[in-house]
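What follows is a single structure, written as C-alpha cells, with notes after it.
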Amino acid sequence: MRIAFMGTPEFAARILIEIKEQHDIVCVHTRPDAVRGRGSKLVSSPVKRVALESGIPVREPRTLRDAGELAFLRSLAPDVVCVAAYGKILPQVVLDVPRFGCLNVHASLLPKYRGAAPIERAILAGDEQVGVCIMRMEAGLDTGPFCISRSVAVAGRGCEHLTGELADIGSCALLSALAELETGAVRWIDQDDACASYAPKIERGELDLDPAEPVAVNLRRVQASSTAHTSRCRIGAKGITVVSAGAAPEGARAPAQGMATFSSKKLLLGCADGAVELHEVRPDGKATMSAKAFAAGVQGLKNSDIDWEKR
C-alpha cells in the first residue's frame, strides 16, 4: 500500500525500518531538526535519518493545518497514514485524507495511558505489564478503536529496553493490521472511556531521586529514566545521573533519610523507608562509572555519612 509515515524518535524509526520493506512509503513527516547537546548543534530525528538513508522524501512542517502542506499530502494519495510517536495531534482534515484512515502505533494497553509518555507512566505506577496497540485515529487524544493489542512483562526492565521491545512488537502488529485492512478482515474494538487513564509527558526533574520518597518510588524513577529523561540527584557537592540502582541488600546498614554512606563497597542513599543502592552513575561532565569508583572520589564519604539531596 501507499503509506505516508509520521513519527520522530527511535521508537518510530525502528517501525519505519520494518514497514518500508513491505510497503511503498511515499513520504515521511517528522518533527523539525532540534538543537541538542553541549555543542548546540541541530540534530535530525531518528525517523528523518532512516528516511534520508532510504531515499524517502521528508517533510518537517511546523503545523499540519497549513494549506500547502495539506495539499501536498492529498497529492500523494496515500492509502493509509501510519503514525508512531510523531509528537503532533493530527487535525480532522488530515485524518480524512487517506483512503483507509490513519493508524497509530501507541505504546500502551489502551484505554490505559493515552498520551505522550505511556511507557514511563506505566513503570512509575508499578504496572507489571506494558504493551502496544494499533489504533484507528480520531480527533481525540488516543481515543479511537484498536484492532491489535500486545503486552509484555515489565520484569524489572528499564524504559529504553521496553521501548525497543515494544517498537519491534509494534512493527509486526502494524504489518498485520495493514494486511487485514487491505483485505477487509480488520475488526475494530471500541475503547471503554470509563477505564481510560492519561500519560502526560515527563517534566524536567520529575524523575530525580528524592530522599523524602520511599525506596520503591525512587527505584521506579530510575527504571523509567532514559537518555531523554534522566534520573538525577546530588551527593555532597557532586551532581550525578543515576544509570542503574536497586534496593539495599538485606542486612546492609541503611543510612538515615537524606544521608549517603559507602559501606562494604556499596553506595547507599537513605530514603523515607530504607535505602537505595546505586550501581552505576554518571557524574556531571564525566563518563558512566560504577558507584564504587564514583564514591572513591567523593570527599568525606569513606569516613562518614554525607548529605544527599534532590537535584
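We name chains A, B, ... following the order of the C-alpha cells; residues begin at 1 in each chain, and ligands are numbered from 1 as shown.
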
Test item: residues at most 10 Å from segment 107-112 of chain A, only C-alpha atoms, excluding those fewer than 5 positions along its chain, as an MDAnalysis selection string:
chainID A and resid 11 84:85 117:119 121:122 129:135 142:146 148:151 162:163 166:167 169:170 190:199

All residues 9 Å or closer to segment 296-304 of chain A, only C-alpha atoms, same chain fewer than 4 positions away omitted, as a ChimeraX atom specification
/A:235-238,260-263,291-292

Restrict the selected residues to C-alpha atoms and save them as a PDB file, in the first residue's frame.
```
ATOM      1  CA  ILE A 235      25.668  13.629  46.780  1.00  0.00           C
ATOM      2  CA  GLY A 236      27.630  16.158  48.760  1.00  0.00           C
ATOM      3  CA  ALA A 237      28.663  18.755  46.206  1.00  0.00           C
ATOM      4  CA  LYS A 238      28.569  16.378  43.233  1.00  0.00           C
ATOM      5  CA  ALA A 260      24.610   8.703  51.852  1.00  0.00           C
ATOM      6  CA  THR A 261      27.027   6.044  53.068  1.00  0.00           C
ATOM      7  CA  PHE A 262      29.734   3.927  51.441  1.00  0.00           C
ATOM      8  CA  SER A 263      29.985   0.644  53.290  1.00  0.00           C
ATOM      9  CA  ALA A 291      29.098   3.607  42.063  1.00  0.00           C
ATOM     10  CA  LYS A 292      32.180   2.252  43.831  1.00  0.00           C
TER      11      LYS A 292
END
```

Filtered DSSP result for segment 36-210 of chain A, state helix (DSSP H, G or I), as JSON, numbers by chain:
{"A": [46, 47, 48, 49, 50, 51, 52, 53, 67, 68, 69, 70, 71, 72, 73, 74, 75, 76, 92, 93, 94, 95, 118, 119, 120, 121, 122, 123, 124, 159, 160, 161, 162, 163, 164, 165, 166, 167, 168, 169, 170, 171, 172, 173, 174, 175, 176, 177, 178, 179, 180, 181, 182, 183, 193, 194, 195]}

Applying 9 Å and only C-alpha atoms, which residues near Thr8 of chain A remain after dropping the ones on its own chain fewer than 5 positions away? List them as a VMD selection string.
chain A and resid 13 29 to 31 45 to 48 84 to 87

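Backbone DSSP over segment 120-241 of chain A yields strand (DSSP E or B) at Gln129, Val130, Gly131, Val132, Cys133, Ile134, Met135, Arg136, Phe146, Cys147, Ile148, Ser149, Arg150, Ser151, Val152, Ala153, Ile189, Tyr198, Arg232, Cys233, Arg234, Ile235, Lys238, Gly239, Ile240 and Thr241 of chain A.
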
Might you pull out every residue within 10 Å of Gln92 of chain A, with only C-alpha atoms counted and same-chain residues fewer than 2 positions away left off, and present them as an MDAnalysis selection string?
chainID A and resid 65 89:90 94:97 137:140

Let me make sure I understand: among A:Gly126, A:Pro200, A:Gly285, A:Gly258, which one has the smallest atom-to-atom distance to Ala212 of chain A if we use only C-alpha atoms?
A:Gly258

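Among the candidates A:Ala173, A:Val50, A:Val154, A:Leu42, the residue lying nearest to Leu103 of chain A is A:Ala173 (atoms considered: only C-alpha atoms).
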
Which residues are close to Arg282 of chain A, i.e. within 6 Å by only C-alpha atoms, leaving aside same-chain residues fewer than 5 positions away? Reply as an MDAnalysis selection string.
chainID A and resid 240:241 287:288

Closest of A:Cys82, A:Val242, A:Val217, A:Leu124 to Arg311 of chain A - atom-to-atom distances counting only C-alpha atoms
A:Val242

Tell me which of A:Leu269, A:Asp168, A:Pro214, A:Ala185 sits closest to Asp305 of chain A, counting only C-alpha atoms.
A:Leu269

Contact residues around Cys271 of chain A with only C-alpha atoms at 9 Å, ignoring same-chain residues under 4 positions, as an NGL selection string:
:A and (210-215 or 218 or 254-259 or 275-276)

Any chance you could export the current selection's N, CA and C atoms as a PDB file, in the first residue's frame?
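Writing the result to part.pdb gives the following:
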```pdb
ATOM      1  N   ASP A 210      14.606  11.476  45.334  1.00  0.00           N
ATOM      2  CA  ASP A 210      14.190  12.375  46.411  1.00  0.00           C
ATOM      3  C   ASP A 210      14.267  11.620  47.738  1.00  0.00           C
ATOM      4  N   PRO A 211      15.067  12.098  48.697  1.00  0.00           N
ATOM      5  CA  PRO A 211      15.176  11.387  49.980  1.00  0.00           C
ATOM      6  C   PRO A 211      13.866  11.318  50.751  1.00  0.00           C
ATOM      7  N   ALA A 212      12.907  12.169  50.418  1.00  0.00           N
ATOM      8  CA  ALA A 212      11.618  12.152  51.110  1.00  0.00           C
ATOM      9  C   ALA A 212      10.690  11.056  50.599  1.00  0.00           C
ATOM     10  N   GLU A 213      11.070  10.396  49.501  1.00  0.00           N
ATOM     11  CA  GLU A 213      10.222   9.363  48.904  1.00  0.00           C
ATOM     12  C   GLU A 213      10.658   7.964  49.361  1.00  0.00           C
ATOM     13  N   PRO A 214       9.743   6.988  49.294  1.00  0.00           N
ATOM     14  CA  PRO A 214      10.104   5.605  49.611  1.00  0.00           C
ATOM     15  C   PRO A 214      11.084   5.026  48.587  1.00  0.00           C
ATOM     16  N   VAL A 215      11.718   3.934  48.969  1.00  0.00           N
ATOM     17  CA  VAL A 215      12.669   3.259  48.085  1.00  0.00           C
ATOM     18  C   VAL A 215      12.012   2.874  46.760  1.00  0.00           C
ATOM     19  N   ASN A 218      11.632   5.784  44.299  1.00  0.00           N
ATOM     20  CA  ASN A 218      12.901   6.209  43.716  1.00  0.00           C
ATOM     21  C   ASN A 218      13.427   5.199  42.702  1.00  0.00           C
ATOM     22  N   ALA A 254      21.559   0.668  56.643  1.00  0.00           N
ATOM     23  CA  ALA A 254      20.865   1.726  55.912  1.00  0.00           C
ATOM     24  C   ALA A 254      21.131   3.068  56.568  1.00  0.00           C
ATOM     25  N   PRO A 255      21.606   4.041  55.818  1.00  0.00           N
ATOM     26  CA  PRO A 255      21.827   5.372  56.390  1.00  0.00           C
ATOM     27  C   PRO A 255      20.499   6.057  56.687  1.00  0.00           C
ATOM     28  N   ALA A 256      20.561   7.087  57.490  1.00  0.00           N
ATOM     29  CA  ALA A 256      19.359   7.861  57.797  1.00  0.00           C
ATOM     30  C   ALA A 256      18.833   8.544  56.538  1.00  0.00           C
ATOM     31  N   GLN A 257      17.562   8.893  56.563  1.00  0.00           N
ATOM     32  CA  GLN A 257      16.960   9.587  55.422  1.00  0.00           C
ATOM     33  C   GLN A 257      17.765  10.840  55.082  1.00  0.00           C
ATOM     34  N   GLY A 258      18.086  10.978  53.798  1.00  0.00           N
ATOM     35  CA  GLY A 258      18.832  12.148  53.350  1.00  0.00           C
ATOM     36  C   GLY A 258      20.334  12.041  53.526  1.00  0.00           C
ATOM     37  N   MET A 259      20.814  10.863  53.952  1.00  0.00           N
ATOM     38  CA  MET A 259      22.248  10.656  54.126  1.00  0.00           C
ATOM     39  C   MET A 259      22.731   9.560  53.177  1.00  0.00           C
ATOM     40  N   ALA A 275      16.807   2.140  52.091  1.00  0.00           N
ATOM     41  CA  ALA A 275      17.914   2.700  51.315  1.00  0.00           C
ATOM     42  C   ALA A 275      17.948   2.147  49.900  1.00  0.00           C
ATOM     43  N   VAL A 276      18.379   2.994  48.983  1.00  0.00           N
ATOM     44  CA  VAL A 276      18.639   2.627  47.593  1.00  0.00           C
ATOM     45  C   VAL A 276      20.134   2.393  47.436  1.00  0.00           C
TER      46      VAL A 276
END
```
